[in-house]
>>> print(open('start.pdb').read())   # PDB, N, CA and C atoms
ATOM      1  N   MET A 253     123.159  99.316 124.813
ATOM      2  CA  MET A 253     122.162  99.576 123.795
ATOM      3  C   MET A 253     120.784  99.219 124.350
ATOM      4  N   ASN A 254     119.854 100.133 124.219
ATOM      5  CA  ASN A 254     118.521  99.839 124.736
ATOM      6  C   ASN A 254     117.710  99.024 123.718
ATOM      7  N   TYR A 255     116.599  98.508 124.149
ATOM      8  CA  TYR A 255     115.821  97.607 123.298
ATOM      9  C   TYR A 255     115.268  98.305 122.056
ATOM     10  N   ILE A 256     115.009  99.603 122.116
ATOM     11  CA  ILE A 256     114.501 100.326 120.942
ATOM     12  C   ILE A 256     115.587 100.408 119.872
ATOM     13  N   ASP A 257     116.812 100.699 120.284
ATOM     14  CA  ASP A 257     117.918 100.719 119.331
ATOM     15  C   ASP A 257     118.106  99.342 118.695
ATOM     16  N   MET A 258     117.912  98.296 119.484
ATOM     17  CA  MET A 258     118.048  96.934 118.963
ATOM     18  C   MET A 258     116.980  96.649 117.907
ATOM     19  N   ILE A 259     115.790  97.156 118.099
ATOM     20  CA  ILE A 259     114.715  96.975 117.112
ATOM     21  C   ILE A 259     115.117  97.616 115.786
ATOM     22  N   PHE A 260     115.613  98.852 115.843
ATOM     23  CA  PHE A 260     116.010  99.531 114.616
ATOM     24  C   PHE A 260     117.218  98.861 113.966
ATOM     25  N   GLU A 261     118.091  98.296 114.761
ATOM     26  CA  GLU A 261     119.240  97.587 114.212
ATOM     27  C   GLU A 261     118.793  96.352 113.433
ATOM     28  N   ARG A 262     117.728  95.708 113.902
ATOM     29  CA  ARG A 262     117.214  94.507 113.224
ATOM     30  C   ARG A 262     116.324  94.846 112.040
ATOM     31  N   ALA A 263     115.985  96.111 111.864
ATOM     32  CA  ALA A 263     115.101  96.527 110.774
ATOM     33  C   ALA A 263     115.881  96.550 109.462
ATOM     34  N   ASP A 264     116.193  95.400 108.973
ATOM     35  CA  ASP A 264     116.979  95.214 107.766
ATOM     36  C   ASP A 264     116.051  94.733 106.650
ATOM     37  N   LEU A 265     116.159  95.317 105.475
ATOM     38  CA  LEU A 265     115.271  94.978 104.366
ATOM     39  C   LEU A 265     115.313  93.490 104.030
ATOM     40  N   ASN A 266     116.501  92.909 103.996
ATOM     41  CA  ASN A 266     116.599  91.476 103.676
ATOM     42  C   ASN A 266     115.908  90.620 104.731
ATOM     43  N   LEU A 267     116.054  90.984 105.998
ATOM     44  CA  LEU A 267     115.417  90.206 107.058
ATOM     45  C   LEU A 267     113.900  90.341 107.005
ATOM     46  N   ILE A 268     113.420  91.546 106.707
ATOM     47  CA  ILE A 268     111.980  91.748 106.570
ATOM     48  C   ILE A 268     111.456  90.920 105.401
ATOM     49  N   THR A 269     112.185  90.919 104.297
ATOM     50  CA  THR A 269     111.789  90.129 103.127
ATOM     51  C   THR A 269     111.717  88.653 103.475
ATOM     52  N   GLU A 270     112.745  88.142 104.151
ATOM     53  CA  GLU A 270     112.753  86.729 104.546
ATOM     54  C   GLU A 270     111.561  86.401 105.435
ATOM     55  N   PHE A 271     111.282  87.284 106.367
ATOM     56  CA  PHE A 271     110.169  87.041 107.279
ATOM     57  C   PHE A 271     108.843  87.018 106.531
ATOM     58  N   LEU A 272     108.639  87.983 105.642
ATOM     59  CA  LEU A 272     107.385  88.044 104.889
ATOM     60  C   LEU A 272     107.236  86.858 103.942
ATOM     61  N   MET A 273     108.341  86.406 103.358
ATOM     62  CA  MET A 273     108.280  85.295 102.402
ATOM     63  C   MET A 273     108.185  83.943 103.096
ATOM     64  N   ASP A 274     108.941  83.753 104.173
ATOM     65  CA  ASP A 274     109.063  82.431 104.786
ATOM     66  C   ASP A 274     108.453  82.324 106.177
ATOM     67  N   GLY A 275     108.099  83.442 106.774
ATOM     68  CA  GLY A 275     107.509  83.407 108.101
ATOM     69  C   GLY A 275     108.533  83.300 109.222
ATOM     70  N   ALA A 276     109.788  83.315 108.878
ATOM     71  CA  ALA A 276     110.846  83.248 109.890
ATOM     72  C   ALA A 276     112.074  83.952 109.336
ATOM     73  N   VAL A 277     112.894  84.405 110.227
ATOM     74  CA  VAL A 277     114.118  85.068 109.803
ATOM     75  C   VAL A 277     115.115  84.007 109.377
ATOM     76  N   GLY A 278     115.611  84.138 108.156
ATOM     77  CA  GLY A 278     116.573  83.182 107.636
ATOM     78  C   GLY A 278     117.974  83.748 107.672
ATOM     79  N   ILE A 279     118.837  83.131 106.920
ATOM     80  CA  ILE A 279     120.220  83.589 106.825
ATOM     81  C   ILE A 279     120.278  84.721 105.805
ATOM     82  N   LYS A 280     120.857  85.819 106.222
ATOM     83  CA  LYS A 280     120.943  86.994 105.360
ATOM     84  C   LYS A 280     121.992  86.768 104.276
ATOM     85  N   ASP A 281     121.610  87.003 103.030
ATOM     86  CA  ASP A 281     122.548  86.942 101.906
ATOM     87  C   ASP A 281     122.925  88.375 101.572
ATOM     88  N   SER A 282     124.088  88.784 102.012
ATOM     89  CA  SER A 282     124.486  90.180 101.857
ATOM     90  C   SER A 282     125.305  90.424 100.587
ATOM     91  N   ARG A 283     125.395  89.400  99.733
ATOM     92  CA  ARG A 283     126.131  89.598  98.481
ATOM     93  C   ARG A 283     125.385  90.611  97.616
ATOM     94  N   PRO A 284     126.113  91.323  96.774
ATOM     95  CA  PRO A 284     125.450  92.276  95.873
ATOM     96  C   PRO A 284     124.449  91.547  94.960
ATOM     97  N   TYR A 285     123.415  92.265  94.520
ATOM     98  CA  TYR A 285     122.390  91.669  93.660
ATOM     99  C   TYR A 285     123.012  91.000  92.436
ATOM    100  N   LYS A 286     123.945  91.701  91.781
ATOM    101  CA  LYS A 286     124.563  91.185  90.562
ATOM    102  C   LYS A 286     125.240  89.840  90.827
ATOM    103  N   GLU A 287     125.968  89.743  91.913
ATOM    104  CA  GLU A 287     126.654  88.495  92.255
ATOM    105  C   GLU A 287     125.652  87.365  92.494
ATOM    106  N   ARG A 288     124.574  87.671  93.198
ATOM    107  CA  ARG A 288     123.557  86.653  93.463
ATOM    108  C   ARG A 288     122.912  86.173  92.164
ATOM    109  N   LEU A 289     122.613  87.114  91.260
ATOM    110  CA  LEU A 289     122.020  86.752  89.975
ATOM    111  C   LEU A 289     122.976  85.928  89.125
ATOM    112  N   GLU A 290     124.243  86.340  89.087
ATOM    113  CA  GLU A 290     125.234  85.616  88.283
ATOM    114  C   GLU A 290     125.439  84.199  88.799
ATOM    115  N   GLU A 291     125.464  84.018  90.103
ATOM    116  CA  GLU A 291     125.634  82.681  90.689
ATOM    117  C   GLU A 291     124.451  81.785  90.328
ATOM    118  N   SER A 292     123.259  82.334  90.414
ATOM    119  CA  SER A 292     122.067  81.570  90.075
ATOM    120  C   SER A 292     122.071  81.193  88.594
ATOM    121  N   GLU A 293     122.458  82.141  87.747
ATOM    122  CA  GLU A 293     122.532  81.860  86.312
ATOM    123  C   GLU A 293     123.565  80.777  86.019
ATOM    124  N   LYS A 294     124.696  80.849  86.680
ATOM    125  CA  LYS A 294     125.759  79.860  86.477
ATOM    126  C   LYS A 294     125.251  78.451  86.795
ATOM    127  N   VAL A 295     124.543  78.321  87.907
ATOM    128  CA  VAL A 295     123.991  77.018  88.300
ATOM    129  C   VAL A 295     123.009  76.525  87.243
ATOM    130  N   TRP A 296     122.140  77.431  86.756
ATOM    131  CA  TRP A 296     121.156  77.047  85.736
ATOM    132  C   TRP A 296     121.853  76.610  84.444
ATOM    133  N   VAL A 297     122.816  77.387  83.978
ATOM    134  CA  VAL A 297     123.516  77.062  82.724
ATOM    135  C   VAL A 297     124.222  75.714  82.852
ATOM    136  N   GLU A 298     124.899  75.486  83.976
ATOM    137  CA  GLU A 298     125.575  74.199  84.177
ATOM    138  C   GLU A 298     124.571  73.057  84.185
ATOM    139  N   TYR A 299     123.429  73.276  84.804
ATOM    140  CA  TYR A 299     122.397  72.244  84.858
ATOM    141  C   TYR A 299     121.869  71.921  83.460
ATOM    142  N   ILE A 300     121.498  72.942  82.720
ATOM    143  CA  ILE A 300     120.903  72.721  81.400
ATOM    144  C   ILE A 300     121.920  72.132  80.431
ATOM    145  N   GLU A 301     123.174  72.555  80.549
ATOM    146  CA  GLU A 301     124.222  72.025  79.666
ATOM    147  C   GLU A 301     124.552  70.570  79.981
ATOM    148  N   SER A 302     124.318  70.154  81.210
ATOM    149  CA  SER A 302     124.646  68.772  81.587
ATOM    150  C   SER A 302     123.598  67.772  81.098
ATOM    151  N   ARG A 303     122.478  68.262  80.600
ATOM    152  CA  ARG A 303     121.408  67.387  80.126
ATOM    153  C   ARG A 303     121.644  67.012  78.673
ATOM    154  N   ASP A 304     121.204  65.825  78.310
ATOM    155  CA  ASP A 304     121.354  65.330  76.937
ATOM    156  C   ASP A 304     120.178  65.831  76.099
ATOM    157  N   LEU A 305     120.211  67.126  75.796
ATOM    158  CA  LEU A 305     119.147  67.753  75.029
ATOM    159  C   LEU A 305     119.727  68.380  73.770
ATOM    160  N   THR A 306     118.880  68.476  72.755
ATOM    161  CA  THR A 306     119.323  69.178  71.550
ATOM    162  C   THR A 306     119.375  70.675  71.848
ATOM    163  N   ARG A 307     120.025  71.400  70.981
ATOM    164  CA  ARG A 307     120.111  72.862  71.149
ATOM    165  C   ARG A 307     118.712  73.476  71.168
ATOM    166  N   ARG A 308     117.831  72.971  70.313
ATOM    167  CA  ARG A 308     116.455  73.479  70.251
ATOM    168  C   ARG A 308     115.707  73.183  71.549
ATOM    169  N   GLU A 309     115.858  71.972  72.087
ATOM    170  CA  GLU A 309     115.188  71.608  73.349
ATOM    171  C   GLU A 309     115.677  72.484  74.495
ATOM    172  N   LYS A 310     116.988  72.734  74.532
ATOM    173  CA  LYS A 310     117.545  73.603  75.569
ATOM    174  C   LYS A 310     116.972  75.008  75.446
ATOM    175  N   SER A 311     116.865  75.499  74.228
ATOM    176  CA  SER A 311     116.329  76.834  73.989
ATOM    177  C   SER A 311     114.860  76.911  74.407
ATOM    178  N   GLU A 312     114.070  75.898  74.028
ATOM    179  CA  GLU A 312     112.652  75.877  74.388
ATOM    180  C   GLU A 312     112.465  75.785  75.900
ATOM    181  N   LEU A 313     113.248  74.927  76.537
ATOM    182  CA  LEU A 313     113.163  74.785  77.987
ATOM    183  C   LEU A 313     113.520  76.092  78.682
ATOM    184  N   THR A 314     114.585  76.721  78.224
ATOM    185  CA  THR A 314     115.008  77.995  78.801
ATOM    186  C   THR A 314     113.925  79.056  78.604
ATOM    187  N   GLU A 315     113.317  79.096  77.429
ATOM    188  CA  GLU A 315     112.259  80.071  77.164
ATOM    189  C   GLU A 315     111.075  79.876  78.107
ATOM    190  N   GLU A 316     110.672  78.639  78.340
ATOM    191  CA  GLU A 316     109.546  78.369  79.241
ATOM    192  C   GLU A 316     109.890  78.726  80.688
ATOM    193  N   VAL A 317     111.117  78.434  81.103
ATOM    194  CA  VAL A 317     111.540  78.786  82.460
ATOM    195  C   VAL A 317     111.549  80.304  82.621
ATOM    196  N   LEU A 318     112.019  81.020  81.611
ATOM    197  CA  LEU A 318     112.047  82.484  81.685
ATOM    198  C   LEU A 318     110.639  83.070  81.737
ATOM    199  N   LYS A 319     109.687  82.472  81.027
ATOM    200  CA  LYS A 319     108.293  82.911  81.117
ATOM    201  C   LYS A 319     107.783  82.728  82.547
ATOM    202  N   TYR A 320     108.086  81.572  83.118
ATOM    203  CA  TYR A 320     107.667  81.292  84.494
ATOM    204  C   TYR A 320     108.291  82.296  85.462
ATOM    205  N   ILE A 321     109.583  82.527  85.313
ATOM    206  CA  ILE A 321     110.281  83.474  86.184
ATOM    207  C   ILE A 321     109.667  84.864  86.061
ATOM    208  N   GLY A 322     109.334  85.278  84.848
ATOM    209  CA  GLY A 322     108.715  86.581  84.631
ATOM    210  C   GLY A 322     107.380  86.703  85.353
ATOM    211  N   THR A 323     106.597  85.638  85.301
ATOM    212  CA  THR A 323     105.305  85.650  85.984
ATOM    213  C   THR A 323     105.499  85.732  87.494
ATOM    214  N   VAL A 324     106.393  84.915  88.022
ATOM    215  CA  VAL A 324     106.666  84.930  89.464
ATOM    216  C   VAL A 324     107.174  86.309  89.885
ATOM    217  N   GLN A 325     108.077  86.864  89.104
ATOM    218  CA  GLN A 325     108.622  88.190  89.399
ATOM    219  C   GLN A 325     107.514  89.231  89.441
ATOM    220  N   SER A 326     106.638  89.210  88.466
ATOM    221  CA  SER A 326     105.542  90.178  88.400
ATOM    222  C   SER A 326     104.608  90.062  89.601
ATOM    223  N   VAL A 327     104.225  88.831  89.929
ATOM    224  CA  VAL A 327     103.315  88.613  91.051
ATOM    225  C   VAL A 327     103.946  89.084  92.360
ATOM    226  N   TYR A 328     105.185  88.679  92.619
ATOM    227  CA  TYR A 328     105.821  89.056  93.872
ATOM    228  C   TYR A 328     106.157  90.546  93.937
ATOM    229  N   MET A 329     106.407  91.170  92.792
ATOM    230  CA  MET A 329     106.629  92.617  92.780
ATOM    231  C   MET A 329     105.344  93.326  93.189
ATOM    232  N   GLU A 330     104.207  92.895  92.616
ATOM    233  CA  GLU A 330     102.925  93.498  92.981
ATOM    234  C   GLU A 330     102.641  93.299  94.471
ATOM    235  N   ILE A 331     102.874  92.101  94.966
ATOM    236  CA  ILE A 331     102.661  91.828  96.387
ATOM    237  C   ILE A 331     103.574  92.718  97.228
ATOM    238  N   GLY A 332     104.839  92.817  96.831
ATOM    239  CA  GLY A 332     105.800  93.628  97.576
ATOM    240  C   GLY A 332     105.419  95.092  97.623
ATOM    241  N   ILE A 333     104.941  95.617  96.505
ATOM    242  CA  ILE A 333     104.525  97.021  96.471
ATOM    243  C   ILE A 333     103.324  97.231  97.391
ATOM    244  N   GLN A 334     102.373  96.310  97.347
ATOM    245  CA  GLN A 334     101.200  96.430  98.211
ATOM    246  C   GLN A 334     101.584  96.350  99.684
ATOM    247  N   ILE A 335     102.463  95.427 100.026
ATOM    248  CA  ILE A 335     102.911  95.303 101.417
ATOM    249  C   ILE A 335     103.669  96.567 101.833
ATOM    250  N   GLY A 336     104.529  97.075 100.948
ATOM    251  CA  GLY A 336     105.272  98.299 101.249
ATOM    252  C   GLY A 336     104.348  99.474 101.500
ATOM    253  N   ALA A 337     103.315  99.595 100.661
ATOM    254  CA  ALA A 337     102.349 100.686 100.844
ATOM    255  C   ALA A 337     101.593 100.515 102.160
ATOM    256  N   LYS A 338     101.206  99.278 102.461
ATOM    257  CA  LYS A 338     100.480  99.015 103.704
ATOM    258  C   LYS A 338     101.349  99.340 104.924
ATOM    259  N   LEU A 339     102.610  98.935 104.880
ATOM    260  CA  LEU A 339     103.526  99.238 105.984
ATOM    261  C   LEU A 339     103.748 100.742 106.115
ATOM    262  N   ALA A 340     103.914 101.421 104.981
ATOM    263  CA  ALA A 340     104.113 102.872 105.008
ATOM    264  C   ALA A 340     102.895 103.566 105.614
ATOM    265  N   TRP A 341     101.699 103.095 105.271
ATOM    266  CA  TRP A 341     100.469 103.681 105.819
ATOM    267  C   TRP A 341     100.403 103.482 107.333
ATOM    268  N   LYS A 342     100.786 102.296 107.791
ATOM    269  CA  LYS A 342     100.786 102.030 109.229
ATOM    270  C   LYS A 342     101.820 102.905 109.932
ATOM    271  N   ILE A 343     102.978 103.057 109.342
ATOM    272  CA  ILE A 343     104.017 103.911 109.928
ATOM    273  C   ILE A 343     103.522 105.349 109.999
ATOM    274  N   TYR A 344     102.897 105.811 108.932
ATOM    275  CA  TYR A 344     102.341 107.163 108.922
ATOM    276  C   TYR A 344     101.321 107.327 110.055
ATOM    277  N   GLY A 345     100.433 106.342 110.210
ATOM    278  CA  GLY A 345      99.447 106.384 111.291
ATOM    279  C   GLY A 345     100.096 106.428 112.661
ATOM    280  N   ASN A 346     101.128 105.626 112.829
ATOM    281  CA  ASN A 346     101.849 105.614 114.113
ATOM    282  C   ASN A 346     102.502 106.967 114.393
ATOM    283  N   LEU A 347     103.062 107.586 113.364
ATOM    284  CA  LEU A 347     103.698 108.881 113.540
ATOM    285  C   LEU A 347     102.670 109.964 113.882
ATOM    286  N   MET A 348     101.517 109.899 113.232
ATOM    287  CA  MET A 348     100.449 110.874 113.507
ATOM    288  C   MET A 348      99.902 110.707 114.920
ATOM    289  N   ASN A 349      99.792 109.463 115.401
ATOM    290  CA  ASN A 349      99.277 109.201 116.741
ATOM    291  C   ASN A 349     100.271 109.555 117.848
ATOM    292  N   SER A 350     101.554 109.580 117.507
ATOM    293  CA  SER A 350     102.560 109.846 118.537
ATOM    294  C   SER A 350     102.805 111.337 118.736
ATOM    295  N   GLU A 351     102.238 112.156 117.900
ATOM    296  CA  GLU A 351     102.470 113.608 118.032
ATOM    297  C   GLU A 351     101.481 114.256 118.958
TER     298      GLU A 351
END
>>> encode(input="start.pdb", output="structure tokens")
Amino acid sequence: MNYIDMIFERADLNLITEFLMDGAVGIKDSRPYKERLEESEKVWVEYIESRDLTRREKSELTEEVLKYIGTVQSVYMEIGIQIGAKLAWKIYGNLMNSE
């Protein structure tokens, strides 16, 4: 396998995401999205249920965490779209220059 083929083999969306988010290639989580979400939810539910809180306190805490998650999701989605557009523009430029 030549080095160009190796570059394309490493061009994995999860690895690119890890690099952009953390600055280094991390461990790839290849589980389906649904499984990853369910596992995270399970950990959260177990955590919140283990606390000595009233039902109302648990509900309020969960509501505030969900607001925070929504904000983080929105911000990172916007960043991701902008980065994707920027990368696509660079790829387009590279393709135009190589012809």
>>> select_by_dssp(input="start.pdb", residues="stretch 256-348 of chain A", states="alpha helix (DSSP H)", output="number ranges by chain")
A: 256-262, 265-274, 285-301, 307-348
>>> atom_distance(input="start.pdb", atom1="atom CA of A:Phe271", atom2="atom CA of A:Val297")
29.7 Å
>>> atom_distance(input="start.pdb", atom1="atom CA of A:Leu318", atom2="atom CA of A:Ile268")
26.6 Å
>>> atom_distance(input="start.pdb", atom1="atom CA of A:Asp281", atom2="atom C of A:Trp296")
20.3 Å
>>> residues_around(input="start.pdb", residues="stretch 326-332 of chain A", least_positions_apart="5", cutoff="9 Å", atoms="only C-alpha atoms", output="PyMOL selection string")
chain A and resi 269+321+337
